[in-house]
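J.: I have a structure I would like to understand better, so I am pasting it below and will then ask my questions one at a time.
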Amino acid sequence: MNFFQLSVIFVLGTILSSFLFSLHFPLWVIISTMFIFVLAFVFVPQQYTVYRSNNLKSIEKYIRANQKKPIFAYALALANGDPSDIEESLRAILAKHKNPYMQNVYKTILALHLKKIDAATIYAQRIENEPLKSYYAAYVAAKQGNFEEAVRHEENIGVDWMIHDLHALYAREQGNHEEFNIESKKAIAQSRGVQKFIVLHSVNHL
(Lines give C-alpha, C1' and ligand atoms only; values in the text may rest on other atoms or scores of the structure.)
Protein backbone atom coordinates (compact mmCIF):
# COMPACT_ATOMS: atom_id res chain seq x y z
CA MET A 1 0.00 0.00 0.00
CA ASN A 2 1.52 3.32 -1.11
CA PHE A 3 1.61 6.69 0.66
CA PHE A 4 -1.35 8.08 -1.33
CA GLN A 5 -3.58 5.14 -0.41
CA LEU A 6 -2.61 5.44 3.27
CA SER A 7 -3.32 9.15 3.15
CA VAL A 8 -6.79 8.57 1.71
CA ILE A 9 -7.56 5.96 4.37
CA PHE A 10 -6.32 8.30 7.11
CA VAL A 11 -8.49 11.19 5.85
CA LEU A 12 -11.57 8.97 5.51
CA GLY A 13 -10.94 7.53 8.97
CA THR A 14 -10.64 11.03 10.45
CA ILE A 15 -13.90 12.11 8.81
CA LEU A 16 -15.68 8.98 10.01
CA SER A 17 -14.47 9.31 13.61
CA SER A 18 -15.36 13.04 13.69
CA PHE A 19 -18.83 12.24 12.39
CA LEU A 20 -19.38 9.60 15.06
CA PHE A 21 -18.14 11.96 17.79
CA SER A 22 -20.54 14.63 16.56
CA LEU A 23 -23.41 12.19 16.99
CA HIS A 24 -22.26 11.49 20.58
CA PHE A 25 -21.69 7.77 20.06
CA PRO A 26 -20.03 6.00 23.01
CA LEU A 27 -16.24 5.78 22.79
CA TRP A 28 -16.27 1.98 22.56
CA VAL A 29 -18.58 2.18 19.53
CA ILE A 30 -16.27 4.67 17.80
CA ILE A 31 -13.18 2.52 18.53
CA SER A 32 -14.93 -0.63 17.29
CA THR A 33 -16.10 1.15 14.14
CA MET A 34 -12.62 2.45 13.40
CA PHE A 35 -11.18 -1.03 13.95
CA ILE A 36 -13.64 -2.48 11.42
CA PHE A 37 -12.86 0.39 9.04
CA VAL A 38 -9.13 -0.36 9.17
CA LEU A 39 -9.78 -4.08 8.63
CA ALA A 40 -12.00 -3.36 5.63
CA PHE A 41 -9.60 -0.99 3.88
CA VAL A 42 -6.17 -2.32 4.91
CA PHE A 43 -6.14 -5.89 6.21
CA VAL A 44 -8.83 -7.50 4.05
CA PRO A 45 -7.43 -6.27 0.67
CA GLN A 46 -3.95 -7.47 1.66
CA GLN A 47 -5.25 -10.87 2.67
CA TYR A 48 -7.19 -11.11 -0.59
CA THR A 49 -4.03 -10.33 -2.58
CA VAL A 50 -2.00 -12.92 -0.66
CA TYR A 51 -4.53 -15.76 -0.76
CA ARG A 52 -7.23 -15.20 -3.38
CA SER A 53 -6.22 -12.71 -6.07
CA ASN A 54 -5.95 -13.84 -9.67
CA ASN A 55 -4.22 -10.64 -10.79
CA LEU A 56 -0.53 -11.40 -11.25
CA LYS A 57 0.41 -7.72 -11.53
CA SER A 58 -1.09 -6.84 -8.16
CA ILE A 59 0.33 -10.01 -6.61
CA GLU A 60 3.84 -9.21 -7.86
CA LYS A 61 3.51 -5.62 -6.67
CA TYR A 62 2.61 -6.86 -3.19
CA ILE A 63 5.47 -9.38 -3.19
CA ARG A 64 8.01 -6.74 -4.19
CA ALA A 65 6.72 -4.39 -1.49
CA ASN A 66 7.25 -7.16 1.09
CA GLN A 67 10.40 -8.77 -0.28
CA LYS A 68 12.27 -8.32 3.00
CA LYS A 69 10.13 -11.14 4.37
CA PRO A 70 11.83 -14.47 3.50
CA ILE A 71 8.78 -16.17 1.99
CA PHE A 72 8.22 -13.31 -0.44
CA ALA A 73 11.96 -13.14 -1.14
CA TYR A 74 11.73 -16.82 -2.12
CA ALA A 75 8.93 -16.04 -4.59
CA LEU A 76 11.04 -13.32 -6.21
CA ALA A 77 14.08 -15.58 -6.29
CA LEU A 78 12.04 -18.15 -8.23
CA ALA A 79 10.98 -15.43 -10.66
CA ASN A 80 14.58 -14.31 -11.17
CA GLY A 81 15.72 -17.90 -11.62
CA ASP A 82 19.12 -17.67 -9.93
CA PRO A 83 19.74 -21.02 -8.14
CA SER A 84 21.96 -19.46 -5.46
CA ASP A 85 19.31 -16.81 -4.68
CA ILE A 86 16.67 -19.52 -4.43
CA GLU A 87 18.82 -21.51 -2.02
CA GLU A 88 19.61 -18.41 0.04
CA SER A 89 15.94 -17.47 0.30
CA LEU A 90 14.99 -20.99 1.40
CA ARG A 91 17.68 -20.96 4.09
CA ALA A 92 16.36 -17.57 5.26
CA ILE A 93 12.88 -19.08 5.64
CA LEU A 94 14.32 -21.96 7.67
CA ALA A 95 16.24 -19.51 9.86
CA LYS A 96 13.11 -17.48 10.60
CA HIS A 97 10.36 -20.10 10.89
CA LYS A 98 11.30 -22.66 13.49
CA ASN A 99 8.06 -24.62 13.93
CA PRO A 100 8.42 -28.27 12.82
CA TYR A 101 5.83 -28.07 10.05
CA MET A 102 7.52 -25.15 8.29
CA GLN A 103 10.94 -26.70 8.84
CA ASN A 104 9.98 -29.99 7.22
CA VAL A 105 8.17 -28.39 4.29
CA TYR A 106 10.98 -26.00 3.42
CA LYS A 107 13.74 -28.52 4.10
CA THR A 108 11.95 -30.74 1.58
CA ILE A 109 11.81 -27.89 -0.93
CA LEU A 110 15.47 -27.04 -0.34
CA ALA A 111 16.55 -30.67 -0.74
CA LEU A 112 14.59 -30.91 -4.01
CA HIS A 113 16.17 -27.68 -5.21
CA LEU A 114 19.63 -29.08 -4.44
CA LYS A 115 18.64 -32.38 -6.11
CA LYS A 116 19.22 -34.27 -2.85
CA ILE A 117 16.35 -36.69 -3.36
CA ASP A 118 17.20 -38.98 -0.43
CA ALA A 119 17.12 -36.02 1.97
CA ALA A 120 13.88 -34.78 0.39
CA THR A 121 12.32 -38.21 0.99
CA ILE A 122 13.19 -38.06 4.69
CA TYR A 123 11.86 -34.55 5.23
CA ALA A 124 8.70 -35.17 3.16
CA GLN A 125 7.85 -38.13 5.40
CA ARG A 126 8.04 -35.83 8.43
CA ILE A 127 5.45 -33.37 7.13
CA GLU A 128 2.46 -33.91 9.40
CA ASN A 129 -0.45 -32.29 7.59
CA GLU A 130 -2.25 -32.85 4.31
CA PRO A 131 -2.29 -31.96 1.49
CA LEU A 132 1.41 -31.00 1.49
CA LYS A 133 2.46 -34.33 3.02
CA SER A 134 1.06 -36.31 0.08
CA TYR A 135 1.97 -33.61 -2.46
CA TYR A 136 5.66 -33.80 -1.62
CA ALA A 137 5.55 -37.58 -1.23
CA ALA A 138 4.21 -37.74 -4.80
CA TYR A 139 6.78 -35.17 -5.95
CA VAL A 140 9.67 -37.17 -4.52
CA ALA A 141 8.33 -40.45 -5.94
CA ALA A 142 8.10 -38.86 -9.40
CA LYS A 143 11.67 -37.58 -9.13
CA GLN A 144 12.69 -41.18 -8.37
CA GLY A 145 10.83 -42.36 -11.46
CA ASN A 146 8.15 -44.16 -9.44
CA PHE A 147 5.07 -42.68 -11.10
CA GLU A 148 2.65 -45.37 -9.90
CA GLU A 149 3.49 -44.55 -6.31
CA ALA A 150 3.23 -40.83 -7.05
CA VAL A 151 -0.30 -41.26 -8.44
CA ARG A 152 -1.35 -43.22 -5.35
CA HIS A 153 -0.54 -40.23 -3.18
CA GLU A 154 -2.88 -38.00 -5.21
CA GLU A 155 -6.01 -39.36 -3.50
CA ASN A 156 -4.98 -37.53 -0.31
CA ILE A 157 -4.34 -34.18 -1.97
CA GLY A 158 -7.66 -32.85 -3.25
CA VAL A 159 -6.24 -29.49 -4.39
CA ASP A 160 -6.57 -28.87 -8.12
CA TRP A 161 -3.44 -26.80 -8.68
CA MET A 162 -1.32 -29.36 -6.81
CA ILE A 163 -2.67 -32.23 -8.92
CA HIS A 164 -1.99 -30.36 -12.17
CA ASP A 165 1.44 -29.29 -10.92
CA LEU A 166 2.30 -32.93 -10.20
CA HIS A 167 1.02 -33.98 -13.63
CA ALA A 168 3.23 -31.32 -15.19
CA LEU A 169 6.16 -32.79 -13.23
CA TYR A 170 5.36 -36.31 -14.41
CA ALA A 171 5.25 -35.08 -18.00
CA ARG A 172 8.54 -33.21 -17.66
CA GLU A 173 10.26 -36.24 -16.12
CA GLN A 174 8.97 -38.46 -18.95
CA GLY A 175 9.90 -35.99 -21.68
CA ASN A 176 6.31 -35.25 -22.69
CA HIS A 177 6.61 -31.53 -23.47
CA GLU A 178 3.07 -31.10 -24.84
CA GLU A 179 1.50 -32.59 -21.73
CA PHE A 180 3.85 -30.53 -19.55
CA ASN A 181 2.66 -27.31 -21.19
CA ILE A 182 -1.01 -28.27 -20.79
CA GLU A 183 -0.72 -29.30 -17.15
CA SER A 184 1.51 -26.42 -16.07
CA LYS A 185 -0.98 -23.92 -17.55
CA LYS A 186 -3.79 -25.65 -15.64
CA ALA A 187 -1.78 -25.51 -12.41
CA ILE A 188 -1.21 -21.77 -12.85
CA ALA A 189 -4.88 -21.17 -13.72
CA GLN A 190 -6.12 -23.06 -10.64
CA SER A 191 -3.81 -21.39 -8.12
CA ARG A 192 -4.49 -18.06 -6.43
CA GLY A 193 -2.67 -15.28 -4.62
CA VAL A 194 1.05 -15.53 -3.92
CA GLN A 195 0.83 -19.26 -4.63
CA LYS A 196 -0.11 -18.42 -8.23
CA PHE A 197 3.07 -16.35 -8.61
CA ILE A 198 5.14 -19.19 -7.12
CA VAL A 199 3.53 -21.83 -9.34
CA LEU A 200 4.01 -19.65 -12.43
CA HIS A 201 7.75 -19.44 -11.85
CA SER A 202 8.39 -22.79 -10.18
CA VAL A 203 7.30 -24.79 -13.24
CA ASN A 204 10.55 -23.71 -14.85
CA HIS A 205 12.44 -25.49 -12.06
CA LEU A 206 10.58 -28.84 -12.18
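Just remember, in the C-alpha coordinates the first chain shown is A, the second B, etc., residues are 1-based per chain, and ligands are 1-based in the order shown.
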Mind checking which residues fall within 6 Å of Phe180 of chain A, counting only C-alpha atoms, ignoring those fewer than 4 positions away in the same chain, and posting them as a list in words?
T.: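 The residues that qualify are Ala168, Ala171, Arg172 and Ser184 of chain A.
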J.: Figure out the distance between atom CA of Phe197 of chain A and atom CA of Val42 of chain A, please, to one decimal in Å.
T.: 21.6 Å
J.: Please determine, counting only C-alpha atoms, which residue among A:Gln174, A:Tyr136, A:Val29, A:Gly81 has the shortest atom-to-atom distance to Lys107 of chain A.
T.: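 The answer is A:Tyr136, which sits nearest to Lys107 of chain A.
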J.: As a PyMOL selection string, list the residues of chain A assigned to alpha helix (DSSP H) by DSSP on the backbone atoms of this structure.
T.: chain A and resi 3-22+27-38+44-51+56-65+70-80+83-96+100-113+117-126+132-143+147-153+160-173+177-190+193-202
J.: Which residues, written as a ChimeraX atom specification, have at least one atom at most 9 Å from Glu60 of chain A, with only C-alpha atoms counted and residues fewer than 5 positions away on the same chain left out?
T.: /A:55,65,76,194,197
J.: Show me, as a VMD selection string, the residues that have an atom within 12 Å of Lys143 of chain A when counting only C-alpha atoms, minus same-chain residues fewer than 5 positions from it.
T.: chain A and resid 111 to 113 115 to 118 120 to 121 136 to 138 148 to 150 166 169 to 174 206
J.: So how many Å separate atom CA of His164 of chain A and atom CA of Ile109 of chain A, to one decimal?
T.: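 Atom CA of Ile109 of chain A lies at a distance of 18.0 Å from atom CA of His164 of chain A.
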J.: Rounded to one decimal place, report the atom CA of Ala79 of chain A-atom CA of Leu94 of chain A distance in Å.
T.: 19.7 Å
J.: When you count only C-alpha atoms, which of these residues is closest to Asn181 of chain A: A:Val203, A:Trp161, A:Asp82, A:Tyr48?
T.: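 Of A:Val203, A:Trp161, A:Asp82, A:Tyr48, the one nearest Asn181 of chain A is A:Val203, counting only C-alpha atoms.
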J.: Using only C-alpha atoms, which protein or nucleic acid residues come within 8 Å of Arg192 of chain A? Drop anything in the same chain fewer than 4 positions from it, and give the result as a list in words.
T.: Tyr51, Arg52, Ser53, Asn54 and Lys196 of chain A
J.: Looking at only C-alpha atoms, which of A:Ser202, A:Ser58, A:Gln190, A:Gln125 is the one that sits closest to Ala141 of chain A?
T.: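 Smallest distance to Ala141 of chain A is found for A:Gln125.
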